[in-house]
>>> print(open('protein37.cif').read())   # mmCIF, C-alpha atoms, pLDDT in the B column; chains and numbers go by the auth columns
data_query
#
loop_
_atom_site.group_PDB
_atom_site.id
_atom_site.type_symbol
_atom_site.label_atom_id
_atom_site.label_comp_id
_atom_site.label_asym_id
_atom_site.label_seq_id
_atom_site.Cartn_x
_atom_site.Cartn_y
_atom_site.Cartn_z
_atom_site.B_iso_or_equiv
_atom_site.auth_seq_id
_atom_site.auth_asym_id
ATOM 1 C CA MET A 1 -2.927 11.604 -3.654 74.00 1 N
ATOM 2 C CA GLU A 2 -4.010 8.420 -5.354 90.00 2 N
ATOM 3 C CA LEU A 3 -3.998 4.756 -4.509 96.00 3 N
ATOM 4 C CA LEU A 4 -1.224 2.729 -6.078 97.00 4 N
ATOM 5 C CA ASP A 5 -2.242 1.115 -9.353 95.00 5 N
ATOM 6 C CA THR A 6 -0.541 -2.066 -10.554 96.00 6 N
ATOM 7 C CA ASN A 7 -0.779 -0.842 -14.154 95.00 7 N
ATOM 8 C CA ARG A 8 1.178 2.331 -13.383 96.00 8 N
ATOM 9 C CA SER A 9 3.538 1.211 -10.591 97.00 9 N
ATOM 10 C CA VAL A 10 7.220 0.333 -10.681 98.00 10 N
ATOM 11 C CA LEU A 11 9.329 -0.574 -7.630 98.00 11 N
ATOM 12 C CA VAL A 12 12.811 0.965 -7.433 98.00 12 N
ATOM 13 C CA VAL A 13 15.211 -0.407 -4.803 98.00 13 N
ATOM 14 C CA VAL A 14 18.180 1.921 -4.350 98.00 14 N
ATOM 15 C CA ASP A 15 21.700 0.842 -3.342 98.00 15 N
ATOM 16 C CA LEU A 16 21.126 -1.653 -0.522 98.00 16 N
ATOM 17 C CA GLN A 17 24.754 -2.708 -0.659 97.00 17 N
ATOM 18 C CA GLY A 18 27.657 -4.080 1.301 86.00 18 N
ATOM 19 C CA LYS A 19 28.453 -3.150 4.883 85.00 19 N
ATOM 20 C CA LEU A 20 26.634 0.170 4.548 90.00 20 N
ATOM 21 C CA VAL A 21 23.317 -1.663 4.923 94.00 21 N
ATOM 22 C CA GLU A 22 24.289 -2.876 8.387 91.00 22 N
ATOM 23 C CA MET A 23 25.176 0.684 9.446 93.00 23 N
ATOM 24 C CA VAL A 24 21.860 2.359 8.648 96.00 24 N
ATOM 25 C CA TYR A 25 19.141 3.178 11.165 96.00 25 N
ATOM 26 C CA ARG A 26 16.854 0.143 11.757 96.00 26 N
ATOM 27 C CA SER A 27 18.666 -1.975 9.185 96.00 27 N
ATOM 28 C CA LYS A 28 16.767 -5.196 10.000 96.00 28 N
ATOM 29 C CA MET A 29 13.440 -3.460 9.406 96.00 29 N
ATOM 30 C CA VAL A 30 14.665 -1.996 6.114 97.00 30 N
ATOM 31 C CA LEU A 31 15.913 -5.345 4.820 97.00 31 N
ATOM 32 C CA ALA A 32 12.784 -7.250 5.854 96.00 32 N
ATOM 33 C CA ALA A 33 10.419 -4.621 4.421 97.00 33 N
ATOM 34 C CA THR A 34 12.374 -4.483 1.154 98.00 34 N
ATOM 35 C CA VAL A 35 12.319 -8.259 0.716 97.00 35 N
ATOM 36 C CA ARG A 36 8.565 -8.238 1.334 96.00 36 N
ATOM 37 C CA LEU A 37 8.113 -5.376 -1.146 97.00 37 N
ATOM 38 C CA LEU A 38 9.974 -7.380 -3.784 98.00 38 N
ATOM 39 C CA ARG A 39 7.760 -10.403 -3.143 97.00 39 N
ATOM 40 C CA LEU A 40 4.632 -8.227 -3.301 97.00 40 N
ATOM 41 C CA ALA A 41 5.789 -6.654 -6.566 98.00 41 N
ATOM 42 C CA ASP A 42 6.253 -10.152 -7.977 97.00 42 N
ATOM 43 C CA LEU A 43 2.820 -11.195 -6.741 96.00 43 N
ATOM 44 C CA PHE A 44 1.062 -8.267 -8.436 97.00 44 N
ATOM 45 C CA ALA A 45 3.255 -8.099 -11.583 97.00 45 N
ATOM 46 C CA VAL A 46 4.810 -4.736 -10.711 98.00 46 N
ATOM 47 C CA PRO A 47 8.193 -4.415 -12.502 98.00 47 N
ATOM 48 C CA VAL A 48 11.348 -3.797 -10.454 98.00 48 N
ATOM 49 C CA ILE A 49 14.590 -1.861 -10.885 98.00 49 N
ATOM 50 C CA LEU A 50 17.463 -2.566 -8.490 98.00 50 N
ATOM 51 C CA THR A 51 20.359 -0.087 -8.486 98.00 51 N
ATOM 52 C CA GLU A 52 23.907 -0.392 -7.182 98.00 52 N
ATOM 53 C CA GLN A 53 26.054 2.667 -6.436 96.00 53 N
ATOM 54 C CA TYR A 54 29.646 2.102 -7.579 94.00 54 N
ATOM 55 C CA PRO A 55 29.570 -1.636 -6.733 93.00 55 N
ATOM 56 C CA GLN A 56 33.341 -1.988 -7.277 92.00 56 N
ATOM 57 C CA GLY A 57 33.848 0.187 -4.202 91.00 57 N
ATOM 58 C CA LEU A 58 30.723 -0.312 -2.089 91.00 58 N
ATOM 59 C CA GLY A 59 30.199 -3.994 -2.796 94.00 59 N
ATOM 60 C CA PRO A 60 27.212 -5.933 -4.134 96.00 60 N
ATOM 61 C CA THR A 61 23.591 -5.778 -3.044 98.00 61 N
ATOM 62 C CA HIS A 62 22.880 -7.359 0.357 97.00 62 N
ATOM 63 C CA PRO A 63 22.454 -11.149 -0.138 97.00 63 N
ATOM 64 C CA GLU A 64 18.859 -11.260 1.193 96.00 64 N
ATOM 65 C CA VAL A 65 17.733 -8.500 -1.147 98.00 65 N
ATOM 66 C CA LYS A 66 19.677 -9.902 -4.114 98.00 66 N
ATOM 67 C CA ALA A 67 18.202 -13.378 -3.570 98.00 67 N
ATOM 68 C CA ALA A 68 14.672 -11.912 -3.530 97.00 68 N
ATOM 69 C CA PHE A 69 15.457 -9.882 -6.678 98.00 69 N
ATOM 70 C CA ASP A 70 16.945 -12.899 -8.480 98.00 70 N
ATOM 71 C CA ALA A 71 13.830 -14.950 -7.641 98.00 71 N
ATOM 72 C CA LEU A 72 11.477 -12.472 -9.339 98.00 72 N
ATOM 73 C CA ALA A 73 9.481 -13.837 -12.261 97.00 73 N
ATOM 74 C CA ILE A 74 8.411 -10.368 -13.409 97.00 74 N
ATOM 75 C CA PRO A 75 10.281 -7.925 -15.685 98.00 75 N
ATOM 76 C CA LYS A 76 13.263 -6.479 -13.804 98.00 76 N
ATOM 77 C CA ARG A 77 16.539 -4.637 -14.353 98.00 77 N
ATOM 78 C CA LEU A 78 19.785 -4.339 -12.391 98.00 78 N
ATOM 79 C CA VAL A 79 21.389 -0.930 -12.991 98.00 79 N
ATOM 80 C CA PRO A 80 24.902 -0.038 -11.756 98.00 80 N
ATOM 81 C CA LYS A 81 25.528 3.698 -11.417 98.00 81 N
ATOM 82 C CA THR A 82 27.963 6.330 -10.237 97.00 82 N
ATOM 83 C CA SER A 83 25.562 9.291 -10.055 98.00 83 N
ATOM 84 C CA PHE A 84 23.876 9.715 -6.691 98.00 84 N
ATOM 85 C CA SER A 85 20.460 10.231 -8.285 98.00 85 N
ATOM 86 C CA CYS A 86 19.309 7.196 -10.223 98.00 86 N
ATOM 87 C CA CYS A 87 18.042 9.668 -12.822 98.00 87 N
ATOM 88 C CA GLY A 88 21.628 10.716 -13.553 97.00 88 N
ATOM 89 C CA GLU A 89 22.263 7.256 -15.025 98.00 89 N
ATOM 90 C CA PRO A 90 20.901 6.958 -18.611 98.00 90 N
ATOM 91 C CA ALA A 91 20.469 3.177 -18.222 98.00 91 N
ATOM 92 C CA PHE A 92 18.087 3.795 -15.303 98.00 92 N
ATOM 93 C CA LEU A 93 15.902 6.158 -17.336 97.00 93 N
ATOM 94 C CA ARG A 94 15.840 3.664 -20.204 97.00 94 N
ATOM 95 C CA ALA A 95 14.872 0.851 -17.814 98.00 95 N
ATOM 96 C CA LEU A 96 12.097 2.988 -16.323 97.00 96 N
ATOM 97 C CA ASP A 97 10.640 3.798 -19.745 96.00 97 N
ATOM 98 C CA ASP A 98 11.034 0.193 -20.896 97.00 98 N
ATOM 99 C CA LEU A 99 9.456 -1.463 -17.850 97.00 99 N
ATOM 100 C CA ARG A 100 6.750 1.123 -17.185 96.00 100 N
ATOM 101 C CA PRO A 101 6.134 3.396 -20.191 92.00 101 N
ATOM 102 C CA ARG A 102 4.208 6.594 -19.584 86.00 102 N
ATOM 103 C CA THR A 103 0.513 6.414 -20.425 78.00 103 N
ATOM 104 C CA ARG A 104 -2.343 8.847 -20.833 79.00 104 N
ATOM 105 C CA SER A 105 -4.243 7.169 -17.996 80.00 105 N
ATOM 106 C CA GLY A 106 -2.168 8.854 -15.291 87.00 106 N
ATOM 107 C CA ALA A 107 1.346 9.521 -14.066 93.00 107 N
ATOM 108 C CA ARG A 108 3.777 6.670 -13.551 97.00 108 N
ATOM 109 C CA GLN A 109 3.973 5.692 -9.863 97.00 109 N
ATOM 110 C CA VAL A 110 7.477 4.981 -8.562 98.00 110 N
ATOM 111 C CA VAL A 111 7.588 3.166 -5.233 98.00 111 N
ATOM 112 C CA LEU A 112 11.009 3.887 -3.694 98.00 112 N
ATOM 113 C CA ALA A 113 12.982 1.812 -1.189 98.00 113 N
ATOM 114 C CA GLY A 114 16.661 1.912 -0.256 98.00 114 N
ATOM 115 C CA ILE A 115 19.522 3.943 1.155 98.00 115 N
ATOM 116 C CA GLU A 116 20.710 6.460 1.917 97.00 116 N
ATOM 117 C CA ALA A 117 17.601 8.531 2.525 98.00 117 N
ATOM 118 C CA HIS A 118 19.389 11.889 2.455 97.00 118 N
ATOM 119 C CA VAL A 119 21.593 11.184 -0.581 98.00 119 N
ATOM 120 C CA CYS A 120 20.673 8.732 -3.346 98.00 120 N
ATOM 121 C CA VAL A 121 17.024 8.170 -2.388 98.00 121 N
ATOM 122 C CA GLN A 122 16.363 11.888 -1.909 98.00 122 N
ATOM 123 C CA GLN A 123 18.050 12.992 -5.125 98.00 123 N
ATOM 124 C CA THR A 124 16.239 10.265 -7.061 98.00 124 N
ATOM 125 C CA ALA A 125 12.858 11.203 -5.569 98.00 125 N
ATOM 126 C CA LEU A 126 13.276 14.914 -6.291 98.00 126 N
ATOM 127 C CA GLU A 127 14.309 14.314 -9.903 98.00 127 N
ATOM 128 C CA LEU A 128 11.527 11.768 -10.508 98.00 128 N
ATOM 129 C CA LEU A 129 9.015 14.324 -9.243 98.00 129 N
ATOM 130 C CA HIS A 130 10.579 17.001 -11.475 97.00 130 N
ATOM 131 C CA TYR A 131 10.089 14.701 -14.481 95.00 131 N
ATOM 132 C CA GLY A 132 6.369 14.308 -13.713 95.00 132 N
ATOM 133 C CA ASN A 133 6.288 10.975 -11.895 97.00 133 N
ATOM 134 C CA GLN A 134 4.386 10.265 -8.706 97.00 134 N
ATOM 135 C CA VAL A 135 6.794 9.145 -5.975 98.00 135 N
ATOM 136 C CA CYS A 136 5.707 6.901 -3.137 98.00 136 N
ATOM 137 C CA LEU A 137 8.267 6.357 -0.348 98.00 137 N
ATOM 138 C CA ALA A 138 8.066 3.077 1.537 98.00 138 N
ATOM 139 C CA TRP A 139 9.250 4.604 4.818 97.00 139 N
ATOM 140 C CA ASP A 140 9.922 1.207 6.413 97.00 140 N
ATOM 141 C CA ALA A 141 12.284 0.331 3.534 98.00 141 N
ATOM 142 C CA VAL A 142 14.142 3.681 3.448 98.00 142 N
ATOM 143 C CA SER A 143 16.945 4.637 5.821 98.00 143 N
ATOM 144 C CA GLY A 144 20.324 6.269 6.340 96.00 144 N
ATOM 145 C CA ARG A 145 23.165 6.450 8.856 93.00 145 N
ATOM 146 C CA GLY A 146 21.154 8.054 11.623 94.00 146 N
ATOM 147 C CA GLU A 147 17.522 8.681 12.501 95.00 147 N
ATOM 148 C CA GLU A 148 17.748 12.456 11.919 97.00 148 N
ATOM 149 C CA TYR A 149 19.202 12.065 8.420 96.00 149 N
ATOM 150 C CA ARG A 150 16.331 9.718 7.583 97.00 150 N
ATOM 151 C CA ARG A 151 13.628 11.856 9.197 97.00 151 N
ATOM 152 C CA HIS A 152 14.645 15.137 7.598 98.00 152 N
ATOM 153 C CA ALA A 153 15.101 13.514 4.187 98.00 153 N
ATOM 154 C CA LEU A 154 11.585 12.054 4.372 98.00 154 N
ATOM 155 C CA GLU A 155 10.278 15.489 5.391 98.00 155 N
ATOM 156 C CA ARG A 156 12.008 17.197 2.456 98.00 156 N
ATOM 157 C CA MET A 157 10.776 14.613 -0.057 98.00 157 N
ATOM 158 C CA THR A 158 7.180 14.796 1.175 98.00 158 N
ATOM 159 C CA ALA A 159 7.300 18.601 1.131 98.00 159 N
ATOM 160 C CA ALA A 160 8.361 18.335 -2.519 98.00 160 N
ATOM 161 C CA GLY A 161 5.304 16.206 -3.330 98.00 161 N
ATOM 162 C CA ALA A 162 6.263 12.592 -2.605 98.00 162 N
ATOM 163 C CA TRP A 163 4.015 10.655 -0.261 96.00 163 N
ATOM 164 C CA LEU A 164 4.722 8.105 2.430 97.00 164 N
ATOM 165 C CA THR A 165 3.532 4.538 2.473 97.00 165 N
ATOM 166 C CA ASN A 166 4.863 1.224 3.796 97.00 166 N
ATOM 167 C CA HIS A 167 5.215 -2.240 2.299 96.00 167 N
ATOM 168 C CA GLU A 168 1.893 -3.470 3.728 96.00 168 N
ATOM 169 C CA SER A 169 -0.098 -0.504 2.424 96.00 169 N
ATOM 170 C CA ALA A 170 1.488 -0.934 -1.004 97.00 170 N
ATOM 171 C CA GLY A 171 0.462 -4.580 -1.093 97.00 171 N
ATOM 172 C CA PHE A 172 -3.126 -3.873 -0.065 96.00 172 N
ATOM 173 C CA GLU A 173 -3.407 -1.049 -2.610 97.00 173 N
ATOM 174 C CA TRP A 174 -2.109 -3.291 -5.385 97.00 174 N
ATOM 175 C CA ALA A 175 -4.679 -5.939 -4.347 96.00 175 N
ATOM 176 C CA ARG A 176 -7.589 -3.476 -3.808 96.00 176 N
ATOM 177 C CA ASP A 177 -10.054 -6.209 -2.800 95.00 177 N
ATOM 178 C CA LYS A 178 -10.195 -9.206 -0.462 93.00 178 N
ATOM 179 C CA ASN A 179 -11.502 -11.178 -3.419 93.00 179 N
ATOM 180 C CA HIS A 180 -8.364 -10.565 -5.480 93.00 180 N
ATOM 181 C CA PRO A 181 -7.126 -13.994 -6.652 93.00 181 N
ATOM 182 C CA ARG A 182 -3.712 -13.396 -5.017 92.00 182 N
ATOM 183 C CA PHE A 183 -5.057 -12.127 -1.676 92.00 183 N
ATOM 184 C CA LYS A 184 -4.228 -15.314 0.242 92.00 184 N
ATOM 185 C CA GLU A 185 -0.651 -15.121 -1.001 92.00 185 N
ATOM 186 C CA LEU A 186 -0.537 -11.456 0.078 92.00 186 N
ATOM 187 C CA SER A 187 -1.648 -12.506 3.565 91.00 187 N
ATOM 188 C CA GLN A 188 1.050 -15.183 3.695 92.00 188 N
ATOM 189 C CA ILE A 189 3.778 -12.675 2.789 92.00 189 N
ATOM 190 C CA LEU A 190 2.591 -10.242 5.468 90.00 190 N
ATOM 191 C CA LYS A 191 2.208 -12.800 8.264 86.00 191 N
ATOM 192 C CA GLY A 192 4.497 -12.193 11.201 62.00 192 N
ATOM 193 C CA GLY A 193 3.732 -8.515 11.681 57.00 193 N
ATOM 194 C CA GLN A 194 5.875 -5.430 11.209 56.00 194 N
ATOM 195 C CA PRO A 195 9.621 -6.146 10.983 58.00 195 N
ATOM 196 C CA GLU A 196 11.572 -4.790 13.957 62.00 196 N
ATOM 197 C CA GLY A 197 14.732 -2.625 14.200 60.00 197 N
#
>>> encode(input="protein37.cif", output="structure tokens")
Amino acid sequence: MELLDTNRSVLVVVDLQGKLVEMVYRSKMVLAATVRLLRLADLFAVPVILTEQYPQGLGPTHPEVKAAFDALAIPKRLVPKTSFSCCGEPAFLRALDDLRPRTRSGARQVVLAGIEAHVCVQQTALELLHYGNQVCLAWDAVSGRGEEYRRHALERMTAAGAWLTNHESAGFEWARDKNHPRFKELSQILKGGQPEG
């Protein structure tokens, strides 16, 4: 396992939409961690893809997450889809290659957040791994309708080769050093401790 590298990372936020967000296990934690991840990605120039699963039926992205996404100054894409795996949507694969092309210096690192852990996040993670990407799951920004669904999905994804992180670890890995010019801004984003339930 490697540290996250800003030159190889892309943040993918999966389907944090409508009323479903309020129904998932520890929804407040997931929303707060995702918003912080988006702000950290912006801080360290990590591109972002936000997906929406059948928005006509499930509704738009949660307002807090959408506001943070809209505020990004970095390259970003919003990708609607009907396939459960993001990789089943050609526009997602094009966005991934456009925002973070593969290089010879190492595998692309996809930091995943979103819902539901055992459906769209899991299928996306497994296919990304199959295609040769490194997959890093921000456990505090991933959930589903029930703790067991979430736990077993995280277990399956890690067994397949993904690894677990959290929004704070991602930020510190992107910074690498206390002397990074954006470190004070990183500290400001992380103030207030770990988001609760």
>>> closest_residue(input="protein37.cif", among="N:Glu147, N:Asp70, N:Glu155, N:Asp5", to="Arg39 of chain N", atoms="only C-alpha atoms")
N:Asp70
>>> resolve_selection(input="protein37.cif", expression="the PyMOL selection byres ((chain N and resi 59) around 10)", output="NGL selection string")
:N and (15-20 or 52-58 or 60-62)
>>> residues_near_point(input="protein37.cif", point="(5.0, -0.9, -16.8)", cutoff="7 Å", atoms="only C-alpha atoms", output="VMD selection string")
chain N and resid 7 to 10 47 99 to 101
>>> residues_around(input="protein37.cif", residues="Ala138 of chain N", least_positions_apart="4", cutoff="8 Å", atoms="only C-alpha atoms", output="list of chain:residue names")
N:Val111, N:Leu112, N:Ala113, N:Val142, N:Leu164, N:Thr165, N:Asn166, N:His167
>>> closest_residue(input="protein37.cif", among="N:Ala170, N:Leu190, N:Val13, N:Ala32", to="Ala125 of chain N", atoms="all atoms listed in the file")
N:Val13
>>> residues_near_point(input="protein37.cif", point="(27.1, 11.4, -2.4)", cutoff="10 Å", atoms="all atoms listed in the file", output="MDAnalysis selection string")
chainID N and resid 53 82:85 116 118:120 123
>>> decode(input="protein37.cif", residues="segment 103-191 of chain N", atoms="C-alpha atoms", output="short mmCIF file (atom, residue, chain, number, x, y, z; two decimals), in the first residue's frame")
data_model
loop_
_atom_site.label_atom_id
_atom_site.label_comp_id
_atom_site.auth_asym_id
_atom_site.auth_seq_id
_atom_site.Cartn_x
_atom_site.Cartn_y
_atom_site.Cartn_z
CA THR N 103 0.81 7.62 -16.16
CA ARG N 104 3.91 5.48 -16.06
CA SER N 105 4.76 6.79 -12.59
CA GLY N 106 2.21 4.56 -10.86
CA ALA N 107 -1.41 3.48 -10.81
CA ARG N 108 -4.18 6.05 -10.64
CA GLN N 109 -5.50 6.40 -7.07
CA VAL N 110 -9.28 6.66 -6.76
CA VAL N 111 -10.51 7.90 -3.39
CA LEU N 112 -14.12 6.72 -3.02
CA ALA N 113 -16.92 8.23 -0.94
CA GLY N 114 -20.68 7.75 -1.14
CA ILE N 115 -23.59 5.34 -0.91
CA GLU N 116 -24.66 2.67 -0.88
CA ALA N 117 -21.64 0.72 0.31
CA HIS N 118 -22.97 -2.68 -0.74
CA VAL N 119 -24.31 -1.63 -4.16
CA CYS N 120 -22.93 1.29 -6.17
CA VAL N 121 -19.77 1.92 -4.12
CA GLN N 122 -18.87 -1.78 -3.99
CA GLN N 123 -19.47 -2.45 -7.68
CA THR N 124 -17.50 0.66 -8.61
CA ALA N 125 -14.58 -0.29 -6.34
CA LEU N 126 -14.39 -3.85 -7.66
CA GLU N 127 -14.43 -2.74 -11.30
CA LEU N 128 -11.88 0.04 -10.71
CA LEU N 129 -9.56 -2.52 -9.14
CA HIS N 130 -10.15 -4.89 -12.08
CA TYR N 131 -9.09 -2.11 -14.46
CA GLY N 132 -5.80 -1.61 -12.60
CA ASN N 133 -6.58 1.38 -10.39
CA GLN N 134 -5.72 1.68 -6.72
CA VAL N 135 -8.90 2.19 -4.68
CA CYS N 136 -8.89 4.00 -1.37
CA LEU N 137 -12.17 3.92 0.60
CA ALA N 138 -12.85 6.86 2.90
CA TRP N 139 -14.73 4.74 5.45
CA ASP N 140 -16.17 7.79 7.23
CA ALA N 141 -17.72 8.97 3.94
CA VAL N 142 -19.12 5.57 2.86
CA SER N 143 -22.35 4.06 4.16
CA GLY N 144 -25.54 2.16 3.44
CA ARG N 145 -28.93 1.39 4.97
CA GLY N 146 -27.61 -0.51 7.96
CA GLU N 147 -24.32 -1.04 9.76
CA GLU N 148 -23.97 -4.68 8.62
CA TYR N 149 -24.43 -3.82 4.94
CA ARG N 150 -21.71 -1.19 5.30
CA ARG N 151 -19.34 -3.39 7.32
CA HIS N 152 -19.52 -6.42 5.06
CA ALA N 153 -19.18 -4.30 1.92
CA LEU N 154 -16.03 -2.67 3.32
CA GLU N 155 -14.70 -6.13 4.19
CA ARG N 156 -15.36 -7.45 0.67
CA MET N 157 -13.76 -4.41 -0.99
CA THR N 158 -10.65 -4.57 1.19
CA ALA N 159 -10.34 -8.31 0.59
CA ALA N 160 -10.37 -7.53 -3.13
CA GLY N 161 -7.46 -5.10 -2.72
CA ALA N 162 -8.96 -1.72 -1.81
CA TRP N 163 -7.67 -0.06 1.33
CA LEU N 164 -9.37 1.97 4.02
CA THR N 165 -8.62 5.55 4.90
CA ASN N 166 -10.62 8.51 6.22
CA HIS N 167 -10.91 12.15 5.18
CA GLU N 168 -8.26 13.33 7.67
CA SER N 169 -5.68 10.75 6.60
CA ALA N 170 -6.29 11.63 2.96
CA GLY N 171 -5.68 15.30 3.67
CA PHE N 172 -2.46 14.67 5.59
CA GLU N 173 -1.19 12.32 2.87
CA TRP N 174 -1.90 14.90 0.18
CA ALA N 175 -0.01 17.50 2.27
CA ARG N 176 2.88 15.17 3.29
CA ASP N 177 4.66 17.85 5.34
CA LYS N 178 3.82 20.43 8.01
CA ASN N 179 5.68 22.93 5.86
CA HIS N 180 3.32 22.47 2.91
CA PRO N 181 2.10 25.96 1.91
CA ARG N 182 -1.55 24.89 2.39
CA PHE N 183 -1.06 23.18 5.77
CA LYS N 184 -2.72 25.95 7.78
CA GLU N 185 -5.77 25.74 5.54
CA LEU N 186 -5.79 21.95 6.02
CA SER N 187 -5.81 22.48 9.79
CA GLN N 188 -8.70 24.93 9.50
CA ILE N 189 -10.79 22.43 7.50
CA LEU N 190 -10.14 19.68 10.05
CA LYS N 191 -10.82 21.76 13.16
#
